[in-house]
Amino acid sequence: MVFLTIVYKNLLRRRTRSLLTIAGIAIGIGAVVALTSIAWGFQKSWERAYTARGTDLIVTKITSQSPLPVPFAEGIKTDLLKLPRVKEASGLLSDLVSIEDAPAMLIFGWELNSFLWQHLKLVKGRWPTNNTERVAVIGAIASDMLKKGVGSPVQIEAGELTVCGIFESSALVENGAVIVALPQLQRLTEHTGKVNFMNLKLDAATTDEQKGELQKMIKAKFSGYSAFKSGEMAQNNTAIQVAKAMSWATSIIALVVGAVGVTNTVLMSVFERLHEIGILLAIGWRRRRIVKMILYESMVLSFIGGLAGIAIGFVSVKLMQATPFMHGKIEGEISLNLFLLALLIALGLGMFGGLYPAYRGSRMPPSAALRYE
Amino acid sequence: MSDVLIEARDVRRSFDEGRVQALRGVDFRIHESEFVAIVGPSGSGKSSLLQILGALDEPSEGEVFFHGKSVAEIHDIARFRAENIGFVFQSFHLIPTLTAVENVQVPMFEMPWSPVERQRRATELLKSVGLSERMHHLPRKMSGGERQRVAVARSLANEPKLLLADEPTGNLDSANAQRIMELLQSVHQRRGMTLIVVTHDPNVANFADRMLRVLDGRVVSDART
Ligand SMILES: Nc1ncnc2c1ncn2[C@@H]1O[C@H](COP(=O)(O)OP(=O)(O)OP(=O)(O)O)[C@@H](O)[C@H]1O
Ligand SMILES: [Mg+2]
């Protein structure tokens, strides 16, 4: 017989109670997995957008007050092009606007001749051809959501444009967005001559180290501006930070509820067995082994609950992605890292939940336990 | 005569801040390989004494020596208990979720033995108490006599030097009581194990070589039988 046999058999004494506790943990961990998966997926999607655009460094003016970087004069482009290793610079204006029934859609204004367009795939219609025509291209998912096809008029803020093309992108965020020529968006949002991102393309031979030096140089030379690599950009995106914070806040609540459930179950089972614990001490067990037994019991519960919860979490992300309401808005990230993180959290929860019951159980003096026959 | 195994020197034990005096100064020596019965009326302090001898409880005053060493000075008392003392109780006290062969292995977790070794030893012990047919039975599927035999096997698990039994036949009919006492006697004889049995029953006491009579927390007589 191995030690775990004793642990399992103890848990099987009250099957229903053990199962309910496992279910509680599973729901908690399931919530954590689903929310984290969505938040990570959101971040991944932005990272993909930045990378796919072929941008090496992104220059912005980030402030804590606004979710999107504040617009700045596009004239900075000339100065940026003078920096070493900078080959191309392309201004980008982005905003969240209400488009007809859709409350908050991402809209991008891109310079027509910029490298940004290269990663998009046109599926219908044509690209905008000059800066003055009032047209927009929309992502495949945006086309679905807005129910617009080529030739449809779209009302954007105070102006009206015509959809001239539909495109697909490898990044979910772009598929759900509207793209127009930069001057069109500047006109619609009354930011004439302004952009909120400068996308830099560097010499292909640029090393990571040189990139870092360039970042420092930009920060020093242009006060108020920062330069980010595409990965860092996603981390600094306020929308992503909000999504992550919300997922963590909800997760913590779910975990606290789970931990209270485990503690309650294990404490009850310890109180029911005080006499038996006294016997174990009398026949030679150390207190340390009692502690170990109780901690293992709570960790086995949370381990099984954790595995079930991970399954629940991944399945519910898949289900959510499949519903028409959520379709194309979320893209759960299902990775080994998330699996391991969730399992670690579950085990930590079991450990934490078992501490007090283990302490209580091991405090029993064996002689007192024997007296209550 | 052989070495003194356990010695009580003026052992006193009081409860409830001195209002109850269970032991009022007990002195004796028990040698290796002795078989001693402790008898006396209910409430005279027999169980209190046995728990102190088994290092489950500490005397309020006085000292217990094991192999000449004061038990109060033993650093790792749990280990001392695991390696040297075996207990048999009146109500068996087996773990209800574990089979006979598993119950016997419970104390062995404190020894440096592999699972295979534990299994082998437990199987052998159950054979020696005549329960080869009951290895995988749960306690509730066994008779009182069988349960107590499992408990005896468990008390021998770590090859203790001293076996303590508190009313081991108290919950058994006379036939089963007889069997358990024969079993204990054979353990004593074959392994040369020191045995201390608390009992009300004169038939049980007759198995022992020596009888300590306890009254009101004192040893009032000490005689060979
Ligand atoms: N933990 C305790 N708290 C208070 N009083 C106690 C405690 N343990 C024992 N006593 C008292 O000490 C006295 C001796 O008890 P003990 O259990 O040693 O007697 P005993 O000889 O084993 O009796 P029995 O034959 O009925 O088992 C009794 O009066 C008992 O009530
Ligand atoms: Mg008693």
# chains A, B, ... in the order shown; residues from 1 in each chain; ligands from 1
>>> residues_around(residues="stretch 151-162 of chain B", least_positions_apart="2", cutoff="9 Å", atoms="only C-alpha atoms", output="PDB file with N, CA and C atoms, in the first residue's frame")
ATOM      1  N   ILE A 283      -0.417   4.910  17.295  1.00  0.00           N
ATOM      2  CA  ILE A 283       0.293   3.753  16.746  1.00  0.00           C
ATOM      3  C   ILE A 283       1.566   4.163  16.022  1.00  0.00           C
TER       4      ILE A 283
ATOM      5  N   LEU B   5      13.640  -2.968  31.330  1.00  0.00           N
ATOM      6  CA  LEU B   5      13.197  -2.302  30.100  1.00  0.00           C
ATOM      7  C   LEU B   5      12.547  -0.969  30.426  1.00  0.00           C
ATOM      8  N   ILE B   6      11.610  -1.017  31.369  1.00  0.00           N
ATOM      9  CA  ILE B   6      10.893   0.222  31.678  1.00  0.00           C
ATOM     10  C   ILE B   6      10.730   0.354  33.188  1.00  0.00           C
ATOM     11  N   GLU B  32      13.067  -6.849  30.575  1.00  0.00           N
ATOM     12  CA  GLU B  32      12.857  -7.328  29.209  1.00  0.00           C
ATOM     13  C   GLU B  32      12.261  -8.717  29.235  1.00  0.00           C
ATOM     14  N   SER B  33      11.329  -8.947  28.301  1.00  0.00           N
ATOM     15  CA  SER B  33      10.676 -10.254  28.130  1.00  0.00           C
ATOM     16  C   SER B  33       9.746 -10.643  29.275  1.00  0.00           C
ATOM     17  N   GLY B  54       3.387   4.259  27.571  1.00  0.00           N
ATOM     18  CA  GLY B  54       3.504   4.240  26.108  1.00  0.00           C
ATOM     19  C   GLY B  54       3.876   5.588  25.529  1.00  0.00           C
ATOM     20  N   ARG B  81       8.100   6.309  19.869  1.00  0.00           N
ATOM     21  CA  ARG B  81       6.877   5.514  19.953  1.00  0.00           C
ATOM     22  C   ARG B  81       6.778   4.564  18.762  1.00  0.00           C
ATOM     23  N   ALA B  82       7.031   5.092  17.565  1.00  0.00           N
ATOM     24  CA  ALA B  82       6.897   4.277  16.354  1.00  0.00           C
ATOM     25  C   ALA B  82       7.821   3.065  16.393  1.00  0.00           C
ATOM     26  N   GLU B  83       9.020   3.264  16.927  1.00  0.00           N
ATOM     27  CA  GLU B  83      10.013   2.186  16.854  1.00  0.00           C
ATOM     28  C   GLU B  83       9.963   1.221  18.035  1.00  0.00           C
ATOM     29  N   ASN B  84       9.434   1.684  19.184  1.00  0.00           N
ATOM     30  CA  ASN B  84       9.560   0.871  20.393  1.00  0.00           C
ATOM     31  C   ASN B  84       8.268   0.366  21.008  1.00  0.00           C
ATOM     32  N   ILE B  85       7.150   1.026  20.708  1.00  0.00           N
ATOM     33  CA  ILE B  85       5.918   0.706  21.418  1.00  0.00           C
ATOM     34  C   ILE B  85       4.852   0.214  20.451  1.00  0.00           C
ATOM     35  N   GLY B  86       4.162  -0.866  20.828  1.00  0.00           N
ATOM     36  CA  GLY B  86       2.984  -1.297  20.087  1.00  0.00           C
ATOM     37  C   GLY B  86       1.770  -1.195  20.998  1.00  0.00           C
ATOM     38  N   PHE B  87       0.633  -0.775  20.429  1.00  0.00           N
ATOM     39  CA  PHE B  87      -0.582  -0.614  21.232  1.00  0.00           C
ATOM     40  C   PHE B  87      -1.697  -1.515  20.732  1.00  0.00           C
ATOM     41  N   VAL B  88      -2.409  -2.136  21.688  1.00  0.00           N
ATOM     42  CA  VAL B  88      -3.652  -2.835  21.345  1.00  0.00           C
ATOM     43  C   VAL B  88      -4.737  -2.249  22.239  1.00  0.00           C
ATOM     44  N   PHE B  89      -5.889  -1.905  21.645  1.00  0.00           N
ATOM     45  CA  PHE B  89      -6.949  -1.237  22.402  1.00  0.00           C
ATOM     46  C   PHE B  89      -8.157  -2.150  22.580  1.00  0.00           C
ATOM     47  N   PHE B  92     -10.428  -2.115  19.411  1.00  0.00           N
ATOM     48  CA  PHE B  92      -9.670  -2.446  18.187  1.00  0.00           C
ATOM     49  C   PHE B  92      -9.067  -1.225  17.490  1.00  0.00           C
ATOM     50  N   HIS B  93      -9.931  -0.223  17.232  1.00  0.00           N
ATOM     51  CA  HIS B  93      -9.459   1.016  16.594  1.00  0.00           C
ATOM     52  C   HIS B  93      -8.723   0.777  15.286  1.00  0.00           C
ATOM     53  N   LEU B  94      -9.313  -0.044  14.428  1.00  0.00           N
ATOM     54  CA  LEU B  94      -8.759  -0.172  13.076  1.00  0.00           C
ATOM     55  C   LEU B  94      -9.289   0.996  12.245  1.00  0.00           C
ATOM     56  N   ALA B 100      -7.631  -5.358   6.024  1.00  0.00           N
ATOM     57  CA  ALA B 100      -6.793  -5.909   7.095  1.00  0.00           C
ATOM     58  C   ALA B 100      -5.313  -5.687   6.782  1.00  0.00           C
ATOM     59  N   VAL B 101      -4.915  -6.066   5.561  1.00  0.00           N
ATOM     60  CA  VAL B 101      -3.494  -6.002   5.235  1.00  0.00           C
ATOM     61  C   VAL B 101      -3.023  -4.543   5.149  1.00  0.00           C
ATOM     62  N   ASN B 103      -4.405  -2.054   7.045  1.00  0.00           N
ATOM     63  CA  ASN B 103      -4.349  -1.573   8.422  1.00  0.00           C
ATOM     64  C   ASN B 103      -3.026  -1.937   9.093  1.00  0.00           C
ATOM     65  N   VAL B 104      -2.564  -3.146   8.814  1.00  0.00           N
ATOM     66  CA  VAL B 104      -1.315  -3.579   9.444  1.00  0.00           C
ATOM     67  C   VAL B 104      -0.138  -2.723   8.960  1.00  0.00           C
ATOM     68  N   GLN B 105      -0.260  -2.182   7.739  1.00  0.00           N
ATOM     69  CA  GLN B 105       0.853  -1.398   7.178  1.00  0.00           C
ATOM     70  C   GLN B 105       0.903   0.045   7.675  1.00  0.00           C
ATOM     71  N   VAL B 106      -0.200   0.507   8.280  1.00  0.00           N
ATOM     72  CA  VAL B 106      -0.254   1.930   8.651  1.00  0.00           C
ATOM     73  C   VAL B 106       0.953   2.393   9.485  1.00  0.00           C
ATOM     74  N   PRO B 107       1.310   1.676  10.551  1.00  0.00           N
ATOM     75  CA  PRO B 107       2.458   2.172  11.339  1.00  0.00           C
ATOM     76  C   PRO B 107       3.780   2.113  10.576  1.00  0.00           C
ATOM     77  N   MET B 108       3.833   1.282   9.538  1.00  0.00           N
ATOM     78  CA  MET B 108       5.106   1.052   8.830  1.00  0.00           C
ATOM     79  C   MET B 108       5.569   2.253   8.029  1.00  0.00           C
ATOM     80  N   GLU B 110       6.330   4.967   9.041  1.00  0.00           N
ATOM     81  CA  GLU B 110       7.391   5.668   9.759  1.00  0.00           C
ATOM     82  C   GLU B 110       8.732   4.930   9.676  1.00  0.00           C
ATOM     83  N   MET B 111       8.724   3.763   9.023  1.00  0.00           N
ATOM     84  CA  MET B 111       9.963   3.000   8.889  1.00  0.00           C
ATOM     85  C   MET B 111      10.505   3.133   7.464  1.00  0.00           C
ATOM     86  N   ARG B 118       6.681  -3.409   2.912  1.00  0.00           N
ATOM     87  CA  ARG B 118       5.554  -3.240   3.833  1.00  0.00           C
ATOM     88  C   ARG B 118       4.513  -4.327   3.590  1.00  0.00           C
ATOM     89  N   ARG B 121       5.759  -7.747   4.867  1.00  0.00           N
ATOM     90  CA  ARG B 121       5.726  -7.862   6.324  1.00  0.00           C
ATOM     91  C   ARG B 121       4.291  -8.000   6.838  1.00  0.00           C
ATOM     92  N   ALA B 122       3.383  -7.200   6.261  1.00  0.00           N
ATOM     93  CA  ALA B 122       1.993  -7.225   6.718  1.00  0.00           C
ATOM     94  C   ALA B 122       1.357  -8.583   6.433  1.00  0.00           C
ATOM     95  N   LEU B 125       2.645 -11.029   8.963  1.00  0.00           N
ATOM     96  CA  LEU B 125       2.063 -10.820  10.292  1.00  0.00           C
ATOM     97  C   LEU B 125       0.633 -11.359  10.352  1.00  0.00           C
ATOM     98  N   LEU B 126      -0.133 -11.098   9.299  1.00  0.00           N
ATOM     99  CA  LEU B 126      -1.512 -11.590   9.306  1.00  0.00           C
ATOM    100  C   LEU B 126      -1.541 -13.110   9.290  1.00  0.00           C
ATOM    101  N   SER B 128       0.674 -14.969  10.682  1.00  0.00           N
ATOM    102  CA  SER B 128       1.070 -15.427  12.014  1.00  0.00           C
ATOM    103  C   SER B 128      -0.058 -15.292  13.035  1.00  0.00           C
ATOM    104  N   VAL B 129      -1.058 -14.415  12.761  1.00  0.00           N
ATOM    105  CA  VAL B 129      -2.199 -14.357  13.672  1.00  0.00           C
ATOM    106  C   VAL B 129      -3.374 -15.164  13.128  1.00  0.00           C
ATOM    107  N   GLU B 146     -11.594 -11.435  15.078  1.00  0.00           N
ATOM    108  CA  GLU B 146     -10.715 -11.244  13.915  1.00  0.00           C
ATOM    109  C   GLU B 146     -10.145  -9.833  13.893  1.00  0.00           C
ATOM    110  N   ARG B 147     -10.997  -8.863  14.210  1.00  0.00           N
ATOM    111  CA  ARG B 147     -10.512  -7.475  14.224  1.00  0.00           C
ATOM    112  C   ARG B 147      -9.390  -7.304  15.241  1.00  0.00           C
ATOM    113  N   GLN B 148      -9.581  -7.931  16.418  1.00  0.00           N
ATOM    114  CA  GLN B 148      -8.552  -7.754  17.431  1.00  0.00           C
ATOM    115  C   GLN B 148      -7.258  -8.449  17.006  1.00  0.00           C
ATOM    116  N   ARG B 149      -7.386  -9.524  16.231  1.00  0.00           N
ATOM    117  CA  ARG B 149      -6.163 -10.175  15.748  1.00  0.00           C
ATOM    118  C   ARG B 149      -5.443  -9.280  14.728  1.00  0.00           C
ATOM    119  N   LEU B 164       1.810  -2.852  24.617  1.00  0.00           N
ATOM    120  CA  LEU B 164       0.878  -2.434  25.651  1.00  0.00           C
ATOM    121  C   LEU B 164      -0.539  -2.738  25.189  1.00  0.00           C
ATOM    122  N   ILE B 180      -7.255 -14.598  21.827  1.00  0.00           N
ATOM    123  CA  ILE B 180      -6.394 -13.415  21.778  1.00  0.00           C
ATOM    124  C   ILE B 180      -5.278 -13.541  22.816  1.00  0.00           C
ATOM    125  N   LEU B 183      -2.732 -15.859  21.661  1.00  0.00           N
ATOM    126  CA  LEU B 183      -1.943 -15.201  20.618  1.00  0.00           C
ATOM    127  C   LEU B 183      -0.886 -14.298  21.257  1.00  0.00           C
ATOM    128  N   LEU B 184      -1.327 -13.479  22.220  1.00  0.00           N
ATOM    129  CA  LEU B 184      -0.379 -12.563  22.873  1.00  0.00           C
ATOM    130  C   LEU B 184       0.721 -13.351  23.586  1.00  0.00           C
ATOM    131  N   GLY B 192      10.029 -13.045  22.446  1.00  0.00           N
ATOM    132  CA  GLY B 192      10.630 -12.538  23.677  1.00  0.00           C
ATOM    133  C   GLY B 192      10.237 -11.098  23.932  1.00  0.00           C
ATOM    134  N   MET B 193       9.012 -10.772  23.546  1.00  0.00           N
ATOM    135  CA  MET B 193       8.579  -9.389  23.648  1.00  0.00           C
ATOM    136  C   MET B 193       8.042  -9.091  25.043  1.00  0.00           C
ATOM    137  N   THR B 194       8.338  -7.890  25.529  1.00  0.00           N
ATOM    138  CA  THR B 194       7.805  -7.465  26.813  1.00  0.00           C
ATOM    139  C   THR B 194       6.347  -7.062  26.627  1.00  0.00           C
ATOM    140  N   LEU B 195       5.479  -7.541  27.536  1.00  0.00           N
ATOM    141  CA  LEU B 195       4.045  -7.375  27.339  1.00  0.00           C
ATOM    142  C   LEU B 195       3.417  -6.831  28.612  1.00  0.00           C
ATOM    143  N   ILE B 196       2.665  -5.752  28.490  1.00  0.00           N
ATOM    144  CA  ILE B 196       1.924  -5.242  29.643  1.00  0.00           C
ATOM    145  C   ILE B 196       0.450  -5.178  29.260  1.00  0.00           C
TER     146      ILE B 196
END
>>> residues_near_ligand(ligand="ligand 1", cutoff="6 Å", atoms="only C-alpha atoms and all ligand atoms", output="ChimeraX atom specification")
/B:15-16,20,22,41-48
>>> write_last_selection(atoms="C-alpha atoms", output="short mmCIF file (atom, residue, chain, number, x, y, z; two decimals), in the first residue's frame")
data_model
loop_
_atom_site.label_atom_id
_atom_site.label_comp_id
_atom_site.auth_asym_id
_atom_site.auth_seq_id
_atom_site.Cartn_x
_atom_site.Cartn_y
_atom_site.Cartn_z
CA PHE B 15 -6.25 16.13 35.84
CA ASP B 16 -8.38 19.26 36.01
CA VAL B 20 -8.59 14.52 39.97
CA ALA B 22 -5.43 9.46 38.71
CA PRO B 41 -11.18 -1.59 39.77
CA SER B 42 -12.62 0.90 37.33
CA GLY B 43 -11.21 4.38 37.76
CA SER B 44 -8.14 3.19 39.66
CA GLY B 45 -5.77 4.68 37.07
CA LYS B 46 -4.80 1.70 34.89
CA SER B 47 -5.34 3.38 31.53
CA SER B 48 -3.65 6.57 32.70
#
>>> residues_around(residues="B:Asp209", least_positions_apart="6", cutoff="6 Å", atoms="only C-alpha atoms", output="PyMOL selection string")
chain B and resi 35+224-225
>>> residues_around(residues="B:Leu172", least_positions_apart="4", cutoff="10 Å", atoms="only C-alpha atoms", output="ChimeraX atom specification")
/B:90-91,143-145,148,167-168,176-180
>>> closest_residue(among="B:Met211, B:Val219, B:Val4, B:Ile38", to="ligand 2", atoms="only C-alpha atoms and all ligand atoms")
B:Ile38
>>> atom_distance(atom1="atom CA of A:Ala282", atom2="atom CA of B:Ala165")
12.3 Å
>>> interface_residues(of="chain A", to="chain B", cutoff="6 Å", atoms="only C-alpha atoms", output="NGL selection string")
:A and (1 or 284 or 286 or 367)
>>> write_last_selection(atoms="N, CA, C and O atoms", output="compact mmCIF listing (two decimals), in the first residue's frame")
# COMPACT_ATOMS: atom_id res chain seq x y z
N MET A 1 0.85 -1.20 0.00
CA MET A 1 0.00 0.00 0.00
C MET A 1 0.89 1.25 0.00
O MET A 1 1.88 1.33 0.71
N GLY A 284 1.98 5.41 16.19
CA GLY A 284 3.34 5.76 15.76
C GLY A 284 3.47 6.87 14.74
O GLY A 284 4.58 7.28 14.44
N ARG A 286 3.86 10.41 13.09
CA ARG A 286 4.25 11.74 13.55
C ARG A 286 3.17 12.73 13.15
O ARG A 286 2.45 12.50 12.20
N SER A 367 -3.60 11.06 23.58
CA SER A 367 -4.24 10.50 24.77
C SER A 367 -5.68 10.99 24.89
O SER A 367 -6.57 10.23 25.26
>>> closest_residue(among="A:Ser90, A:Gln43, A:Ser302, A:Asn113", to="A:Ala23", atoms="only C-alpha atoms")
A:Ser302
>>> residues_around(residues="stretch 197-202 of chain A", least_positions_apart="5", cutoff="7 Å", atoms="only C-alpha atoms", output="VMD selection string")
chain A and resid 55 to 60 85 to 93
>>> write_last_selection(atoms="C-alpha atoms", output="short mmCIF file (atom, residue, chain, number, x, y, z; two decimals), in the first residue's frame")
data_model
loop_
_atom_site.label_atom_id
_atom_site.label_comp_id
_atom_site.auth_asym_id
_atom_site.auth_seq_id
_atom_site.Cartn_x
_atom_site.Cartn_y
_atom_site.Cartn_z
CA THR A 55 6.31 47.18 -38.38
CA ASP A 56 9.60 47.01 -36.49
CA LEU A 57 9.06 49.91 -34.13
CA ILE A 58 5.94 51.87 -33.27
CA VAL A 59 6.24 55.46 -32.08
CA THR A 60 3.37 56.87 -30.00
CA ARG A 85 18.55 52.40 -39.84
CA VAL A 86 15.02 53.80 -40.33
CA LYS A 87 14.01 52.93 -43.90
CA GLU A 88 10.33 53.80 -43.97
CA ALA A 89 7.90 55.63 -41.69
CA SER A 90 4.17 55.51 -42.09
CA GLY A 91 1.57 57.44 -40.11
CA LEU A 92 -1.53 55.74 -38.73
CA LEU A 93 -4.58 57.20 -37.08
#
>>> select_by_dssp(residues="stretch 13-222 of chain B", states="strand (DSSP E or B)", output="ChimeraX atom specification")
/B:13-15,20-31,35-39,61-66,69-70,85-88,162-166,194-198,210-215,218-222
>>> write_last_selection(atoms="N, CA and C atoms", output="compact mmCIF listing (two decimals), in the first residue's frame")
# COMPACT_ATOMS: atom_id res chain seq x y z
N ARG B 13 -0.07 11.54 38.22
CA ARG B 13 -0.77 12.21 37.12
C ARG B 13 -2.07 12.76 37.67
N SER B 14 -2.24 14.07 37.56
CA SER B 14 -3.50 14.66 37.99
C SER B 14 -4.15 15.36 36.82
N PHE B 15 -5.48 15.46 36.90
CA PHE B 15 -6.25 16.13 35.84
C PHE B 15 -7.02 17.28 36.45
N VAL B 20 -8.55 15.98 40.11
CA VAL B 20 -8.59 14.52 39.97
C VAL B 20 -7.17 14.00 40.00
N GLN B 21 -6.91 13.05 40.95
CA GLN B 21 -5.56 12.48 41.00
C GLN B 21 -5.65 11.03 40.56
N ALA B 22 -5.29 10.79 39.29
CA ALA B 22 -5.43 9.46 38.71
C ALA B 22 -4.30 8.55 39.19
N LEU B 23 -3.10 9.09 39.28
CA LEU B 23 -1.95 8.32 39.77
C LEU B 23 -1.30 9.10 40.90
N ARG B 24 -1.06 8.41 42.02
CA ARG B 24 -0.58 9.12 43.21
C ARG B 24 0.78 8.61 43.66
N GLY B 25 1.68 8.37 42.73
CA GLY B 25 3.02 7.90 43.10
C GLY B 25 3.17 6.42 42.82
N VAL B 26 3.56 6.10 41.61
CA VAL B 26 3.68 4.70 41.20
C VAL B 26 5.16 4.39 40.95
N ASP B 27 5.63 3.27 41.54
CA ASP B 27 7.03 2.84 41.34
C ASP B 27 7.03 1.37 40.95
N PHE B 28 7.74 1.04 39.89
CA PHE B 28 8.01 -0.37 39.57
C PHE B 28 9.05 -0.46 38.48
N ARG B 29 9.58 -1.66 38.31
CA ARG B 29 10.51 -1.94 37.20
C ARG B 29 9.98 -3.13 36.46
N ILE B 30 10.04 -3.09 35.16
CA ILE B 30 9.66 -4.24 34.36
C ILE B 30 10.85 -4.60 33.49
N HIS B 31 11.22 -5.89 33.54
CA HIS B 31 12.40 -6.34 32.80
C HIS B 31 12.04 -6.75 31.39
N PHE B 35 6.01 -10.60 31.12
CA PHE B 35 4.61 -10.50 30.75
C PHE B 35 3.86 -10.10 32.01
N VAL B 36 3.41 -8.85 32.06
CA VAL B 36 2.84 -8.29 33.29
C VAL B 36 1.37 -7.95 33.07
N ALA B 37 0.54 -8.29 34.03
CA ALA B 37 -0.86 -7.86 33.99
C ALA B 37 -1.05 -6.74 35.00
N ILE B 38 -1.80 -5.71 34.61
CA ILE B 38 -2.16 -4.66 35.56
C ILE B 38 -3.65 -4.79 35.82
N VAL B 39 -4.02 -5.02 37.07
CA VAL B 39 -5.44 -5.19 37.38
C VAL B 39 -5.85 -4.13 38.40
N GLU B 61 4.14 14.48 37.70
CA GLU B 61 5.38 14.43 38.49
C GLU B 61 5.98 13.05 38.34
N GLY B 62 7.28 12.93 38.69
CA GLY B 62 7.95 11.64 38.58
C GLY B 62 8.47 11.42 37.17
N GLU B 63 9.08 10.25 36.98
CA GLU B 63 9.75 10.01 35.71
C GLU B 63 9.58 8.57 35.25
N VAL B 64 9.63 8.38 33.94
CA VAL B 64 9.63 7.03 33.38
C VAL B 64 10.96 6.85 32.65
N PHE B 65 11.59 5.70 32.84
CA PHE B 65 12.85 5.41 32.16
C PHE B 65 12.65 4.24 31.22
N PHE B 66 13.20 4.37 30.02
CA PHE B 66 13.15 3.29 29.04
C PHE B 66 14.59 2.92 28.74
N LYS B 69 16.96 5.32 30.17
CA LYS B 69 16.98 6.71 29.71
C LYS B 69 15.63 7.36 30.03
N SER B 70 15.68 8.57 30.57
CA SER B 70 14.44 9.25 30.92
C SER B 70 13.63 9.57 29.66
N ILE B 85 7.15 1.03 20.71
CA ILE B 85 5.92 0.71 21.42
C ILE B 85 4.85 0.21 20.45
N GLY B 86 4.16 -0.87 20.83
CA GLY B 86 2.98 -1.30 20.09
C GLY B 86 1.77 -1.20 21.00
N PHE B 87 0.63 -0.78 20.43
CA PHE B 87 -0.58 -0.61 21.23
C PHE B 87 -1.70 -1.51 20.73
N VAL B 88 -2.41 -2.14 21.69
CA VAL B 88 -3.65 -2.83 21.35
C VAL B 88 -4.74 -2.25 22.24
N LEU B 162 8.20 -3.16 23.27
CA LEU B 162 7.19 -3.22 24.33
C LEU B 162 5.80 -3.19 23.73
N LEU B 163 4.97 -4.16 24.16
CA LEU B 163 3.59 -4.20 23.66
C LEU B 163 2.66 -3.85 24.82
N LEU B 164 1.81 -2.85 24.62
CA LEU B 164 0.88 -2.43 25.65
C LEU B 164 -0.54 -2.74 25.19
N ALA B 165 -1.33 -3.37 26.05
CA ALA B 165 -2.70 -3.71 25.66
C ALA B 165 -3.64 -3.26 26.76
N ASP B 166 -4.63 -2.44 26.41
CA ASP B 166 -5.59 -1.95 27.39
C ASP B 166 -6.91 -2.69 27.20
N THR B 194 8.34 -7.89 25.53
CA THR B 194 7.80 -7.47 26.81
C THR B 194 6.35 -7.06 26.63
N LEU B 195 5.48 -7.54 27.54
CA LEU B 195 4.04 -7.37 27.34
C LEU B 195 3.42 -6.83 28.61
N ILE B 196 2.67 -5.75 28.49
CA ILE B 196 1.92 -5.24 29.64
C ILE B 196 0.45 -5.18 29.26
N VAL B 197 -0.39 -5.93 30.00
CA VAL B 197 -1.81 -6.01 29.67
C VAL B 197 -2.64 -5.50 30.84
N VAL B 198 -3.49 -4.52 30.57
CA VAL B 198 -4.43 -4.04 31.59
C VAL B 198 -5.70 -4.86 31.45
N ARG B 210 3.34 -12.05 36.03
CA ARG B 210 3.43 -11.14 37.17
C ARG B 210 2.20 -10.26 37.15
N MET B 211 1.70 -9.90 38.34
CA MET B 211 0.48 -9.11 38.40
C MET B 211 0.69 -7.90 39.30
N LEU B 212 0.40 -6.70 38.72
CA LEU B 212 0.45 -5.47 39.52
C LEU B 212 -1.00 -5.09 39.81
N ARG B 213 -1.32 -4.92 41.11
CA ARG B 213 -2.69 -4.51 41.44
C ARG B 213 -2.68 -3.02 41.75
N VAL B 214 -3.58 -2.29 41.09
CA VAL B 214 -3.63 -0.83 41.27
C VAL B 214 -4.91 -0.48 41.99
N LEU B 215 -4.81 0.43 42.96
CA LEU B 215 -5.99 0.89 43.68
C LEU B 215 -5.80 2.37 43.98
N ARG B 218 -2.45 3.93 43.13
CA ARG B 218 -1.19 3.40 43.70
C ARG B 218 -1.10 1.91 43.39
N VAL B 219 0.14 1.40 43.31
CA VAL B 219 0.31 -0.04 43.18
C VAL B 219 0.24 -0.63 44.58
N VAL B 220 -0.77 -1.50 44.80
CA VAL B 220 -0.94 -2.04 46.16
C VAL B 220 -0.38 -3.44 46.30
N SER B 221 -0.19 -4.14 45.17
CA SER B 221 0.49 -5.42 45.30
C SER B 221 1.20 -5.75 44.00
N ASP B 222 2.26 -6.52 44.12
CA ASP B 222 3.10 -6.86 42.96
C ASP B 222 3.56 -8.28 43.19
>>> select_by_dssp(residues="stretch 56-157 of chain A", states="alpha helix (DSSP H)", output="list in words")
Ile76, Lys77, Thr78, Asp79, Leu80, Leu81, Ala140, Ile141, Ala142, Ser143, Asp144, Met145 and Leu146 of chain A
>>> atom_distance(atom1="atom CA of A:His275", atom2="atom CA of B:Ser60")
23.7 Å
>>> atom_distance(atom1="atom CA of A:Asn196", atom2="atom CA of A:Ala220")
18.8 Å
>>> residues_around(residues="stretch 171-183 of chain A", least_positions_apart="5", cutoff="8 Å", atoms="only C-alpha atoms", output="number ranges by chain")
A: 45-46, 48-49, 52, 91-93, 105-112, 128, 130-132, 135-143, 192-193, 328-329, 331
>>> residues_around(residues="stretch 245-257 of chain A", least_positions_apart="2", cutoff="6 Å", atoms="only C-alpha atoms", output="ChimeraX atom specification")
/A:28,32,35-36,242-243,259-260
>>> closest_residue(among="B:Glu182, B:Glu124, B:His200, B:Ala208", to="ligand 2", atoms="only C-alpha atoms and all ligand atoms")
B:His200
